[in-house]
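Just run.cif here, mmCIF, C-alpha atoms and all ligand atoms:
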```
data_model
#
loop_
_atom_site.label_atom_id
_atom_site.label_comp_id
_atom_site.auth_asym_id
_atom_site.auth_seq_id
_atom_site.Cartn_x
_atom_site.Cartn_y
_atom_site.Cartn_z
CA MET A 156 -6.58 3.62 5.97
CA GLU A 157 -8.44 5.04 2.99
CA SER A 158 -5.33 6.81 1.72
CA ASP A 159 -3.42 3.51 1.64
CA LYS A 160 -5.79 2.10 -0.95
CA LYS A 161 -4.64 2.01 -4.53
CA ARG A 162 -6.56 4.44 -6.72
CA ILE A 163 -8.13 3.49 -10.01
CA LEU A 164 -9.87 5.84 -12.40
CA VAL A 165 -12.53 4.26 -14.60
CA VAL A 166 -13.12 6.24 -17.80
CA ASP A 167 -16.26 5.23 -19.66
CA ASP A 168 -19.25 7.15 -20.98
CA ASN A 169 -21.42 4.13 -20.23
CA LEU A 170 -22.00 5.13 -16.61
CA GLU A 171 -23.86 1.97 -15.73
CA LEU A 172 -20.87 -0.12 -16.78
CA ALA A 173 -18.45 2.29 -15.07
CA GLU A 174 -20.42 2.01 -11.80
CA MET A 175 -20.47 -1.74 -12.08
CA ILE A 176 -16.69 -1.87 -12.58
CA GLY A 177 -16.30 0.62 -9.72
CA GLN A 178 -18.25 -1.60 -7.33
CA LEU A 179 -16.32 -4.67 -8.38
CA LEU A 180 -12.96 -2.97 -7.83
CA GLY A 181 -14.21 -1.45 -4.57
CA ARG A 182 -14.96 -4.95 -3.30
CA HIS A 183 -11.35 -5.87 -4.05
CA GLY A 184 -10.03 -3.05 -1.90
CA PHE A 185 -9.38 -0.36 -4.51
CA ARG A 186 -10.47 3.25 -4.30
CA VAL A 187 -12.35 4.08 -7.46
CA SER A 188 -13.25 7.28 -9.21
CA ILE A 189 -15.22 7.62 -12.43
CA ALA A 190 -14.89 9.94 -15.43
CA PRO A 191 -17.54 9.97 -18.18
CA ASP A 192 -15.38 11.63 -20.84
CA GLY A 193 -11.81 12.38 -21.86
CA ARG A 194 -11.65 15.91 -20.51
CA THR A 195 -12.78 14.87 -17.02
CA ALA A 196 -10.39 11.92 -17.18
CA VAL A 197 -7.38 14.16 -17.84
CA GLU A 198 -8.46 16.52 -15.04
CA LYS A 199 -8.86 13.68 -12.60
CA VAL A 200 -5.49 12.17 -13.49
CA LEU A 201 -3.98 15.52 -12.58
CA SER A 202 -5.93 16.13 -9.38
CA GLU A 203 -6.26 12.58 -8.05
CA SER A 204 -3.12 10.92 -9.42
CA PRO A 205 -4.60 7.45 -9.78
CA GLU A 206 -2.10 4.62 -10.03
CA LEU A 207 -4.17 2.95 -12.74
CA VAL A 208 -6.66 4.13 -15.36
CA LEU A 209 -9.18 1.83 -17.05
CA LEU A 210 -9.74 3.66 -20.29
CA ASP A 211 -12.57 3.10 -22.72
CA LEU A 212 -11.45 3.97 -26.24
CA ASN A 213 -14.76 5.18 -27.48
CA LEU A 214 -15.29 8.46 -25.64
CA PRO A 215 -17.71 11.25 -26.60
CA ASP A 216 -15.20 14.10 -26.64
CA ILE A 217 -11.53 13.18 -27.00
CA ALA A 218 -10.22 10.08 -28.78
CA GLY A 219 -9.06 7.39 -26.37
CA GLY A 220 -5.57 7.37 -27.87
CA GLU A 221 -5.25 11.09 -27.23
CA VAL A 222 -6.38 10.65 -23.61
CA LEU A 223 -3.76 7.91 -23.18
CA LYS A 224 -1.09 10.28 -24.46
CA LYS A 225 -2.15 13.02 -22.05
CA ILE A 226 -2.20 10.62 -19.11
CA LYS A 227 1.33 9.44 -19.87
CA GLU A 228 2.50 13.02 -20.28
CA THR A 229 1.06 13.90 -16.86
CA ASP A 230 2.71 10.95 -15.12
CA LYS A 231 4.36 8.24 -17.14
CA ASN A 232 4.05 5.85 -14.20
CA THR A 233 0.25 5.90 -14.29
CA ALA A 234 -0.67 2.49 -15.66
CA VAL A 235 -3.42 2.28 -18.29
CA ILE A 236 -5.58 -0.67 -19.26
CA ILE A 237 -7.53 -0.11 -22.45
CA LEU A 238 -11.16 -1.23 -22.56
CA THR A 239 -12.21 -1.79 -26.11
CA ALA A 240 -15.34 -2.96 -27.77
CA TYR A 241 -14.06 -2.92 -31.28
CA GLY A 242 -10.34 -3.40 -30.63
CA GLY A 243 -9.09 -3.78 -34.17
CA GLU A 244 -5.75 -5.39 -33.48
CA GLN A 245 -3.75 -2.59 -35.00
CA VAL A 246 -5.38 0.00 -32.73
CA VAL A 247 -4.51 -2.01 -29.66
CA VAL A 248 -0.94 -2.64 -30.83
CA ASP A 249 -0.49 1.08 -31.41
CA LEU A 250 -1.83 1.89 -27.98
CA MET A 251 0.41 -0.65 -26.30
CA LYS A 252 3.32 0.96 -28.12
CA ALA A 253 2.14 4.33 -26.84
CA GLY A 254 2.48 3.04 -23.30
CA ALA A 255 -0.75 1.20 -22.38
CA GLU A 256 -0.04 -1.70 -20.05
CA ASP A 257 -2.82 -4.07 -21.12
CA PHE A 258 -6.13 -4.24 -22.90
CA ILE A 259 -9.43 -5.99 -22.30
CA SER A 260 -12.10 -6.58 -24.93
CA LYS A 261 -15.69 -5.90 -24.00
CA PRO A 262 -17.71 -7.75 -22.91
CA PHE A 263 -15.38 -9.19 -20.29
CA ASP A 264 -15.93 -11.21 -17.19
CA ASN A 265 -15.16 -9.92 -13.73
CA GLU A 266 -12.38 -12.34 -13.03
CA LEU A 267 -10.50 -11.38 -16.18
CA LEU A 268 -10.71 -7.72 -15.25
CA ILE A 269 -9.52 -8.24 -11.67
CA ASN A 270 -6.66 -10.48 -12.80
CA SER A 271 -5.52 -7.95 -15.35
CA VAL A 272 -5.66 -5.13 -12.77
CA LYS A 273 -3.70 -7.12 -10.21
CA GLU A 274 -1.11 -8.19 -12.76
CA VAL A 275 -0.59 -4.61 -13.94
CA PHE A 276 -0.11 -3.45 -10.34
CA LYS A 277 2.38 -6.23 -9.71
CA ILE A 278 4.45 -5.38 -12.78
CA ARG A 279 4.24 -1.69 -12.01
CA GLU A 280 5.60 -2.17 -8.51
CA LEU A 281 8.46 -4.31 -9.74
CA LYS A 282 9.31 -1.63 -12.28
CA MET A 283 9.29 1.08 -9.60
CA GLU A 284 11.58 -0.94 -7.35
CA ASP A 285 13.93 -1.63 -10.24
CA LYS A 286 14.01 2.02 -11.13
CA MET A 287 14.64 3.00 -7.55
CA TYR A 288 17.54 0.62 -7.13
CA GLY A 289 18.90 1.35 -10.58
CA ARG A 290 19.03 5.03 -9.79
CA LEU A 291 21.29 4.57 -6.84
CA SER A 292 24.89 5.44 -7.51
CA SER A 293 27.61 3.11 -6.33
CA PHE A 294 28.18 5.51 -3.42
CA GLU A 295 24.57 5.11 -2.38
CA LYS A 296 24.69 1.33 -2.63
CA PHE A 297 27.98 1.07 -0.79
CA PHE A 298 27.60 3.71 1.91
CA PRO A 299 25.20 1.86 4.25
CA PHE A 300 27.83 -0.89 4.65
CA LEU A 301 30.52 1.69 5.26
CA ALA A 302 28.26 3.50 7.76
CA HIS A 303 27.88 0.30 9.70
CA GLU A 304 31.65 -0.13 9.87
CA ILE A 305 32.14 3.47 11.00
CA ARG A 306 29.40 3.45 13.61
CA ASN A 307 30.54 0.37 15.49
CA PRO A 308 33.96 1.75 16.44
CA LEU A 309 32.35 5.14 17.15
CA HIS A 310 30.09 3.53 19.72
CA ALA A 311 33.08 1.78 21.23
CA ILE A 312 35.03 5.06 21.38
CA SER A 313 32.09 6.84 23.06
CA GLY A 314 31.78 4.05 25.61
CA ALA A 315 35.49 4.06 26.39
CA LEU A 316 35.46 7.84 26.63
CA ALA A 317 32.65 7.74 29.16
CA ILE A 318 34.76 5.39 31.29
CA ILE A 319 37.80 7.67 31.04
CA GLN A 320 35.64 10.61 32.11
CA ARG A 321 34.32 8.75 35.11
CA ARG A 322 37.64 7.35 36.22
CA SER A 323 40.12 10.11 35.59
CA ASN A 324 40.72 13.39 37.22
CA LEU A 325 39.47 15.92 34.72
CA GLN A 326 40.76 18.71 36.89
CA ASP A 327 43.77 18.43 34.62
CA GLU A 328 42.83 21.03 32.07
CA VAL A 329 44.77 19.60 29.13
CA LEU A 330 43.25 16.19 29.71
CA ALA A 331 39.75 17.65 30.03
CA LYS A 332 40.19 19.57 26.81
CA SER A 333 41.43 16.50 24.96
CA VAL A 334 38.44 14.50 26.15
CA ARG A 335 36.15 17.26 24.98
CA ILE A 336 37.79 17.32 21.56
CA ILE A 337 37.38 13.56 21.16
CA GLN A 338 33.75 13.88 22.20
CA GLU A 339 33.05 16.65 19.70
CA GLU A 340 34.77 14.85 16.87
CA VAL A 341 32.92 11.62 17.58
CA GLN A 342 29.67 13.57 17.55
CA HIS A 343 30.63 15.28 14.32
CA LEU A 344 31.46 12.01 12.62
CA SER A 345 28.23 10.38 13.88
CA GLY A 346 26.29 13.37 12.58
CA PHE A 347 28.01 13.12 9.23
CA VAL A 348 27.24 9.42 8.87
CA GLN A 349 23.63 10.06 9.85
CA GLU A 350 23.26 12.87 7.31
CA CYS A 351 24.67 10.70 4.54
CA LEU A 352 22.27 7.92 5.50
CA ASP A 353 19.35 10.39 5.53
CA PHE A 354 20.38 11.50 2.08
CA ILE A 355 20.41 8.07 0.52
CA ARG A 356 17.73 6.36 2.60
CA PRO A 357 15.00 5.05 0.34
CA PRO A 358 11.57 6.52 0.98
CA VAL A 359 9.41 4.89 3.63
CA ARG A 360 6.18 3.98 1.92
CA SER A 361 3.94 3.44 4.87
CA ARG A 362 4.36 6.72 6.66
CA PHE A 363 2.40 8.97 4.37
CA ILE A 364 -0.23 10.71 6.47
CA GLN A 365 -2.44 13.77 6.18
CA VAL A 366 -0.85 16.65 8.05
CA ASP A 367 -1.47 20.28 8.75
CA VAL A 368 1.75 22.03 7.74
CA ASN A 369 1.22 24.67 10.45
CA GLU A 370 1.51 21.95 13.06
CA VAL A 371 4.75 20.64 11.57
CA ILE A 372 6.15 24.15 11.76
CA SER A 373 5.26 24.44 15.45
CA VAL A 374 7.07 21.17 16.11
CA VAL A 375 10.12 22.33 14.13
CA ILE A 376 10.28 25.62 16.02
CA ASN A 377 10.14 23.73 19.27
CA ILE A 378 12.99 21.40 18.24
CA ILE A 379 15.09 24.30 16.97
CA SER A 380 14.75 26.15 20.29
CA HIS A 381 16.33 23.11 21.95
CA ILE A 382 19.13 22.72 19.39
CA PHE A 383 20.04 26.41 19.46
CA GLU A 384 19.31 27.00 23.12
CA ASP A 385 21.34 30.20 23.43
CA LEU A 386 20.82 31.56 19.95
CA SER A 387 17.08 31.11 20.02
CA LYS A 388 16.90 33.79 22.70
CA LYS A 389 18.53 36.28 20.35
CA ILE A 390 17.01 35.19 17.05
CA LYS A 391 13.35 35.94 16.71
CA ILE A 392 11.00 33.66 14.82
CA ARG A 393 7.84 35.33 13.58
CA GLU A 394 5.04 33.03 12.44
CA GLU A 395 2.57 34.22 9.82
CA LEU A 396 0.57 31.06 9.47
CA GLN A 397 -2.59 30.98 7.43
CA PRO A 398 -5.27 29.35 9.55
CA LYS A 399 -7.19 26.36 8.20
CA LEU A 400 -4.66 25.26 5.61
CA PRO A 401 -5.76 22.28 3.54
CA GLN A 402 -3.93 19.18 4.65
CA VAL A 403 -1.17 17.57 2.64
CA LEU A 404 -0.39 13.89 2.37
CA VAL A 405 3.24 13.58 3.35
CA ASN A 406 5.83 11.48 5.04
CA TYR A 407 5.75 13.37 8.31
CA GLU A 408 9.26 12.54 9.51
CA GLU A 409 10.80 13.47 6.17
CA ILE A 410 8.98 16.77 5.87
CA LYS A 411 9.90 17.65 9.44
CA GLN A 412 13.52 16.88 8.61
CA ALA A 413 13.43 19.10 5.50
CA PHE A 414 11.89 22.04 7.39
CA LEU A 415 14.46 21.61 10.16
CA ASN A 416 17.32 21.76 7.67
CA ILE A 417 15.98 25.03 6.25
CA VAL A 418 15.46 26.66 9.65
CA LYS A 419 18.85 25.42 10.85
CA ASN A 420 20.51 27.06 7.86
CA SER A 421 18.86 30.37 8.70
CA PHE A 422 19.96 30.16 12.33
CA GLU A 423 23.50 29.24 11.33
CA ALA A 424 23.59 32.08 8.80
CA MET A 425 22.19 34.77 11.09
CA GLY A 426 24.74 34.09 13.77
CA ASP A 427 23.74 35.73 16.99
CA LYS A 428 20.95 38.02 15.97
CA GLY A 429 18.27 38.30 13.36
CA GLU A 430 14.72 37.44 12.48
CA LEU A 431 13.25 34.50 10.66
CA VAL A 432 9.73 34.87 9.31
CA ILE A 433 7.87 31.65 8.55
CA LYS A 434 4.80 32.20 6.48
CA THR A 435 2.28 29.65 5.21
CA ARG A 436 -0.47 30.10 2.67
CA PHE A 437 -2.61 28.13 0.26
CA LYS A 438 -2.76 28.72 -3.47
CA ALA A 439 -5.62 27.02 -5.28
CA GLU A 440 -4.02 27.41 -8.72
CA PRO A 441 -2.58 25.58 -10.56
CA LEU A 442 -4.35 22.34 -9.74
CA PRO A 443 -4.21 20.41 -7.45
CA GLY A 444 -3.55 23.47 -5.25
CA TRP A 445 -0.38 24.13 -3.29
CA VAL A 446 0.48 24.76 0.33
CA GLU A 447 3.38 27.20 0.38
CA ILE A 448 5.85 27.66 3.20
CA ILE A 449 8.07 30.70 2.91
CA TYR A 450 11.10 31.14 5.15
CA THR A 451 12.60 34.63 5.10
CA ASP A 452 15.70 35.42 7.14
CA ASN A 453 17.67 38.63 7.39
CA GLY A 454 21.03 36.92 7.59
CA PRO A 455 24.04 37.66 5.36
CA GLY A 456 22.50 36.13 2.23
CA ILE A 457 24.28 33.99 -0.34
CA LYS A 458 26.93 34.96 -2.86
CA LYS A 459 25.56 35.01 -6.38
CA GLU A 460 28.19 32.56 -7.64
CA ASN A 461 27.18 30.04 -4.95
CA LEU A 462 23.46 30.01 -5.72
CA ARG A 463 23.63 27.30 -8.35
CA PHE A 464 25.54 24.92 -6.09
CA LEU A 465 23.22 25.09 -3.09
CA PHE A 466 21.45 21.81 -3.78
CA HIS A 467 24.58 19.89 -4.75
CA PRO A 468 25.46 17.19 -2.24
CA PHE A 469 28.47 18.22 -0.13
CA PHE A 470 28.42 21.88 -1.16
CA THR A 471 29.07 23.91 1.97
CA THR A 472 30.64 27.21 2.93
CA LYS A 473 30.74 26.26 6.60
CA LEU A 474 33.80 25.11 8.42
CA ARG A 475 32.05 22.08 9.88
CA GLY A 476 29.19 21.77 7.40
CA THR A 477 28.41 18.55 5.58
CA GLY A 478 26.68 20.27 2.71
CA LEU A 479 23.86 17.75 2.61
CA GLY A 480 21.10 19.82 4.24
CA LEU A 481 19.60 21.31 1.10
CA ALA A 482 20.37 18.25 -1.04
CA ILE A 483 18.28 16.24 1.42
CA CYS A 484 15.55 18.90 1.29
CA ARG A 485 15.37 18.68 -2.46
CA ARG A 486 15.27 14.93 -2.45
CA ILE A 487 12.47 14.90 0.12
CA ILE A 488 10.40 17.75 -1.27
CA ALA A 489 10.84 17.51 -5.01
CA GLU A 490 11.54 13.84 -5.62
CA ARG A 491 9.55 12.20 -2.86
CA HIS A 492 6.61 14.59 -2.53
CA ASN A 493 6.29 16.08 -6.01
CA GLY A 494 6.78 19.47 -4.41
CA LYS A 495 9.09 22.35 -5.16
CA ILE A 496 11.87 24.11 -3.30
CA HIS A 497 13.42 27.36 -4.35
CA VAL A 498 16.07 29.62 -2.82
CA GLU A 499 16.28 33.32 -3.49
CA SER A 500 19.05 35.36 -1.95
CA GLU A 501 21.16 38.42 -2.31
CA GLU A 502 24.37 39.02 -0.44
CA GLY A 503 23.75 41.36 2.45
CA LYS A 504 19.99 41.15 2.14
CA GLY A 505 19.00 37.80 3.57
CA THR A 506 17.55 34.64 2.12
CA ILE A 507 14.10 33.41 1.13
CA VAL A 508 13.43 29.70 0.87
CA THR A 509 10.07 28.75 -0.63
CA VAL A 510 8.65 25.25 -0.36
CA LYS A 511 5.50 24.16 -2.20
CA LEU A 512 3.62 20.97 -1.45
CA PRO A 513 0.70 19.76 -3.54
CA ARG A 514 -2.58 19.69 -1.65
CA THR A 515 -3.40 16.08 -2.36
CA GLN A 516 -0.25 14.12 -2.50
CA ALA A 517 -1.99 11.40 -4.37
CA SER A 518 0.82 9.31 -5.79
CA GLU A 519 2.38 8.88 -2.40
CA VAL A 520 4.38 5.86 -3.35
CA THR A 521 4.82 6.06 -7.06
CA GLY A 522 5.42 9.79 -7.23
CA GLU A 523 8.59 9.47 -5.29
CA TYR A 524 10.70 8.65 -8.26
CA SER A 525 8.39 9.47 -11.07
CA ARG A 526 9.18 13.08 -11.81
N1 LIG B 601 19.54 30.80 4.97
C1 LIG B 601 20.76 30.81 4.45
N2 LIG B 601 21.52 31.93 4.51
C2 LIG B 601 22.78 31.95 3.99
N3 LIG B 601 23.36 30.89 3.39
C3 LIG B 601 22.66 29.77 3.30
C4 LIG B 601 21.34 29.64 3.82
N4 LIG B 601 20.89 28.40 3.56
C5 LIG B 601 21.89 27.78 2.91
N5 LIG B 601 22.96 28.56 2.75
C6 LIG B 601 24.22 28.23 2.06
O1 LIG B 601 24.06 27.01 1.39
C7 LIG B 601 25.06 26.07 1.76
C8 LIG B 601 24.53 24.68 1.67
O2 LIG B 601 23.53 24.47 2.66
P1 LIG B 601 23.26 23.00 3.18
O3 LIG B 601 22.21 23.07 4.22
O4 LIG B 601 23.06 22.13 2.01
O5 LIG B 601 24.65 22.58 3.81
P2 LIG B 601 25.33 23.11 5.15
O6 LIG B 601 24.34 23.85 5.98
O7 LIG B 601 26.58 23.80 4.77
O8 LIG B 601 25.71 21.73 5.87
P3 LIG B 601 24.68 20.73 6.60
O9 LIG B 601 23.32 21.27 6.41
O10 LIG B 601 24.89 19.44 5.92
O11 LIG B 601 25.13 20.75 8.01
C9 LIG B 601 25.50 26.52 3.13
O12 LIG B 601 26.82 26.11 3.43
C10 LIG B 601 25.39 28.04 3.02
O13 LIG B 601 26.52 28.58 2.37
MG MG B 602 22.49 23.07 6.38
#
```

Please go through the file and, once you have read it, give me the structure as structure tokens.
Ligand SMILES: Nc1ncnc2c1ncn2[C@@H]1O[C@H](COP(=O)(O)OP(=O)(O)OP(=O)(O)O)[C@@H](O)[C@H]1O
Ligand SMILES: [Mg+2]
Amino acid sequence: MESDKKRILVVDDNLELAEMIGQLLGRHGFRVSIAPDGRTAVEKVLSESPELVLLDLNLPDIAGGEVLKKIKETDKNTAVIILTAYGGEQVVVDLMKAGAEDFISKPFDNELLINSVKEVFKIRELKMEDKMYGRLSSFEKFFPFLAHEIRNPLHAISGALAIIQRRSNLQDEVLAKSVRIIQEEVQHLSGFVQECLDFIRPPVRSRFIQVDVNEVISVVINIISHIFEDLSKKIKIREELQPKLPQVLVNYEEIKQAFLNIVKNSFEAMGDKGELVIKTRFKAEPLPGWVEIIYTDNGPGIKKENLRFLFHPFFTTKLRGTGLGLAICRRIIAERHNGKIHVESEEGKGTIVTVKLPRTQASEVTGEYSR
């Protein structure tokens, strides 16, 4: 798939050379874009989020060192290989200190260039993995093992319970009630374990696909009407979807999960009547352009003193809440998709949750932990 290819931006005012490098990299399976000057380079880093930039130092407008600085400010995980014709050693040393990954002196042969590119990608990936694992708290490292130990007996309990239900006379009301309680508690505990796992699960790299957000919303509404079978007859969902939204490159399952959590919160908050408006729109500015999803409910709203805790893991005001719904949303939207999520609410007046997703989710793998 085209979007699976690693992106490289070649910055050189010698367009013939840039094209030649582009073709060479293209033959090695990279997706290449070209910028003839520093200004275009900075713009393209922002709009295309290349994983690697091949940067000529001698540009007509902005000094190469300055461009390097701007690239690293935009996304410090964008790797940069300096192409230099005059590479006085001190210049190169300074640039490596400023964050460049490697340098190549012109003229160079093709093999040297390809080897350097591949090596930089290899190191970059190792660094990302390290960072990802290093970021995990001991809870996050330990919990999957614990989850395994909790789930096995839960399965056994469910199985045994099914046998009891089949074999015993549940006409006995006390017995029937007890069985129901065990069932509910098992379900609750399974749900809790699953939510914790969703929260800490590392991102799945391969599932980034182009989606139309309007379609995800239709799917979410459909799922919600099954989860809240009775309530969904009393709670109205009004869709104000902008037709022909630009697509976004997202992990479909994760985004669906995040939207579900938001809609579920509205349903849980509104109780047995209310209206949820789901609106989508596209904003071209600032670059790269954002698809916005705005959820407005007319539920009871949120107490002012609670607003700052909403995204904290395990913060809940619900009797049986886990308090991970919004924490998962933030992880998915902000950390894994370079998007934004914002909650606005006033007690008694309802709640507005705004999600913004960048139009081209270019750094689908690297962006996950980069900002
Ligand atoms: N639309 C909303 N209206 C009113 N309160 C909300 C809304 N959305 C979130 N909240 C408040 O934010 C808290 C945290 O939400 P979050 O989704 O993280 O956890 P939860 O819903 O309590 O539990 P979980 O989602 O894990 O089952 C909720 O307990 C609730 O107090
Ligand atoms: Mg929730």

- prompt: When you draw a straight line from CA of Ala439 in chain A to CA of Gln397 in chain A, how long is it in Å?
  reply: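 Value for the CA of Ala439 in chain A-CA of Gln397 in chain A distance: 13.7 Å.
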
task: Select, from A:Ser323, A:Asn232, A:Ser292, A:Gln402, the residue with the minimum atom-to-atom distance to Phe276 in chain A, counting only C-alpha atoms.
output: A:Asn232

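As for atom O12 of ligand LIG 601 (chain B) and CA of Gly476 in chain A, they are spaced 6.3 Å apart.
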
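Proximity of A:Gly480, A:Gly494, A:Pro513, A:Gly220 to ligand MG 602 (chain B), computed with all atoms listed in the file, is greatest for A:Gly480.
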
field: Atom-to-atom span, CA of Leu214 in chain A and CA of Asp167 in chain A, Å
entry: 6.9 Å

query: When distances are computed from all atoms listed in the file, which of A:Thr233, A:Thr471, A:Gln338, A:Asn369 shows the smallest separation from Leu210 in chain A?
result: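 Nearest candidate to Leu210 in chain A out of A:Thr233, A:Thr471, A:Gln338, A:Asn369: A:Thr233.
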
message: Let me see if you get this right: every residue at most 7 Å from ligand MG 602 (chain B), counting all atoms listed in the file, written as a ChimeraX atom specification.
response: /A:416-417,419-420,476,478-481

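The residue set within 9 Å of Glu501 in chain A, counting all atoms listed in the file and dropping same-chain residues fewer than 3 places from it, reads Pro455, Gly456, Ile457, Lys458, Lys459, Lys504, Gly505 and Thr506 of chain A.
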
task: Give as a PyMOL selection string each residue that has an atom at most 12 Å from (-2.0, 27.1, -6.0) in the file, counting all atoms listed in the file.
output: chain A and resi 401+436-447+494+511-515

query: Which residue, A:Glu502, A:Glu460, A:Glu430, A:Glu409, has the smallest gap to Glu490 in chain A when you use only C-alpha atoms?
result: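 Smallest separation from Glu490 in chain A among the options: A:Glu409.
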
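With only C-alpha atoms and all ligand atoms as the atoms that count, the minimum distance from ligand LIG 601 (chain B) to the choices A:Glu256, A:Asp353, A:Glu274, A:Glu206 is reached by A:Asp353.
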
message: So that I can check the surroundings of range 299-303 of chain A, please list as a list in words every protein, DNA and RNA residue that reaches within 12 Å of it, counting only C-alpha atoms and ignoring chain neighbours fewer than 4 positions away.
response: Ser293, Phe294, Glu295, Asn307, Pro308, Leu309, His310, Leu344, Ser345, Gly346, Phe347, Val348, Gln349, Glu350, Cys351, Leu352, Asp353, Phe354, Ile355, Arg356 and Pro357 of chain A

- request: Give the answer as one residue: which of A:Arg463, A:Lys495, A:Lys160, A:Lys411 has the shortest atom-to-atom distance to ligand LIG 601 (chain B), using only C-alpha atoms and all ligand atoms?
  value: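 So, comparing all the options, the nearest one is A:Arg463.
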
- request: Up to 10 Å from (10.5, 27.3, 13.2) in the file's coordinates: name the residues, counting only C-alpha atoms, as a PyMOL selection string.
  value: chain A and resi 371-380+391-394+414-415+417-419+421-422+431-433+450

Hey, what's within 12 Å of Gly219 in chain A if we count all atoms listed in the file and toss same-chain stuff fewer than 6 positions away? As a tab-separated table (two decimals) with C-alpha atoms, in the frame of the given file, please?
```tsv
chain	number	residue	atom	x	y	z
A	166	VAL	CA	-13.12	6.24	-17.80
A	167	ASP	CA	-16.26	5.23	-19.66
A	168	ASP	CA	-19.25	7.15	-20.98
A	192	ASP	CA	-15.38	11.63	-20.84
A	193	GLY	CA	-11.81	12.38	-21.86
A	194	ARG	CA	-11.65	15.91	-20.51
A	196	ALA	CA	-10.39	11.92	-17.18
A	197	VAL	CA	-7.38	14.16	-17.84
A	208	VAL	CA	-6.66	4.13	-15.36
A	209	LEU	CA	-9.18	1.83	-17.05
A	210	LEU	CA	-9.74	3.66	-20.29
A	211	ASP	CA	-12.57	3.10	-22.72
A	212	LEU	CA	-11.45	3.97	-26.24
A	213	ASN	CA	-14.76	5.18	-27.48
A	225	LYS	CA	-2.15	13.02	-22.05
A	226	ILE	CA	-2.20	10.62	-19.11
A	235	VAL	CA	-3.42	2.28	-18.29
A	236	ILE	CA	-5.58	-0.67	-19.26
A	237	ILE	CA	-7.53	-0.11	-22.45
A	238	LEU	CA	-11.16	-1.23	-22.56
A	239	THR	CA	-12.21	-1.79	-26.11
A	242	GLY	CA	-10.34	-3.40	-30.63
A	246	VAL	CA	-5.38	0.00	-32.73
A	247	VAL	CA	-4.51	-2.01	-29.66
A	249	ASP	CA	-0.49	1.08	-31.41
A	250	LEU	CA	-1.83	1.89	-27.98
A	253	ALA	CA	2.14	4.33	-26.84
A	255	ALA	CA	-0.75	1.20	-22.38
```

Could you put an axis-aligned box around every listed atom of ligand LIG 601 (chain B), padded by 4 Å on each side, and send me its centre and edge lengths in Å to one decimal, as JSON?
```
{"center_x": 23.2, "center_y": 25.7, "center_z": 4.7, "size_x": 15.3, "size_y": 20.5, "size_z": 14.6}
```

Who sits within 10 Å of Arg162 in chain A, all atoms listed in the file, same chain under 6 positions skipped, as a PDB file with C-alpha atoms, in the coordinates of the input:
```
ATOM      1  CA  LEU A 180     -12.960  -2.970  -7.830  1.00  0.00           C
ATOM      2  CA  GLY A 181     -14.210  -1.450  -4.570  1.00  0.00           C
ATOM      3  CA  GLY A 184     -10.030  -3.050  -1.900  1.00  0.00           C
ATOM      4  CA  PHE A 185      -9.380  -0.360  -4.510  1.00  0.00           C
ATOM      5  CA  ARG A 186     -10.470   3.250  -4.300  1.00  0.00           C
ATOM      6  CA  VAL A 187     -12.350   4.080  -7.460  1.00  0.00           C
ATOM      7  CA  SER A 188     -13.250   7.280  -9.210  1.00  0.00           C
ATOM      8  CA  GLU A 203      -6.260  12.580  -8.050  1.00  0.00           C
ATOM      9  CA  SER A 204      -3.120  10.920  -9.420  1.00  0.00           C
ATOM     10  CA  PRO A 205      -4.600   7.450  -9.780  1.00  0.00           C
ATOM     11  CA  GLU A 206      -2.100   4.620 -10.030  1.00  0.00           C
ATOM     12  CA  LEU A 207      -4.170   2.950 -12.740  1.00  0.00           C
ATOM     13  CA  VAL A 208      -6.660   4.130 -15.360  1.00  0.00           C
ATOM     14  CA  ALA A 517      -1.990  11.400  -4.370  1.00  0.00           C
ATOM     15  CA  SER A 518       0.820   9.310  -5.790  1.00  0.00           C
TER      16      SER A 518
END
```

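Proximity to Asp264 in chain A at 12 Å, evaluated using all atoms listed in the file and with sequence-adjacent residues fewer than 6 positions away removed, yields A:Met175, A:Ile176, A:Leu179, A:Asn270, A:Ser271.
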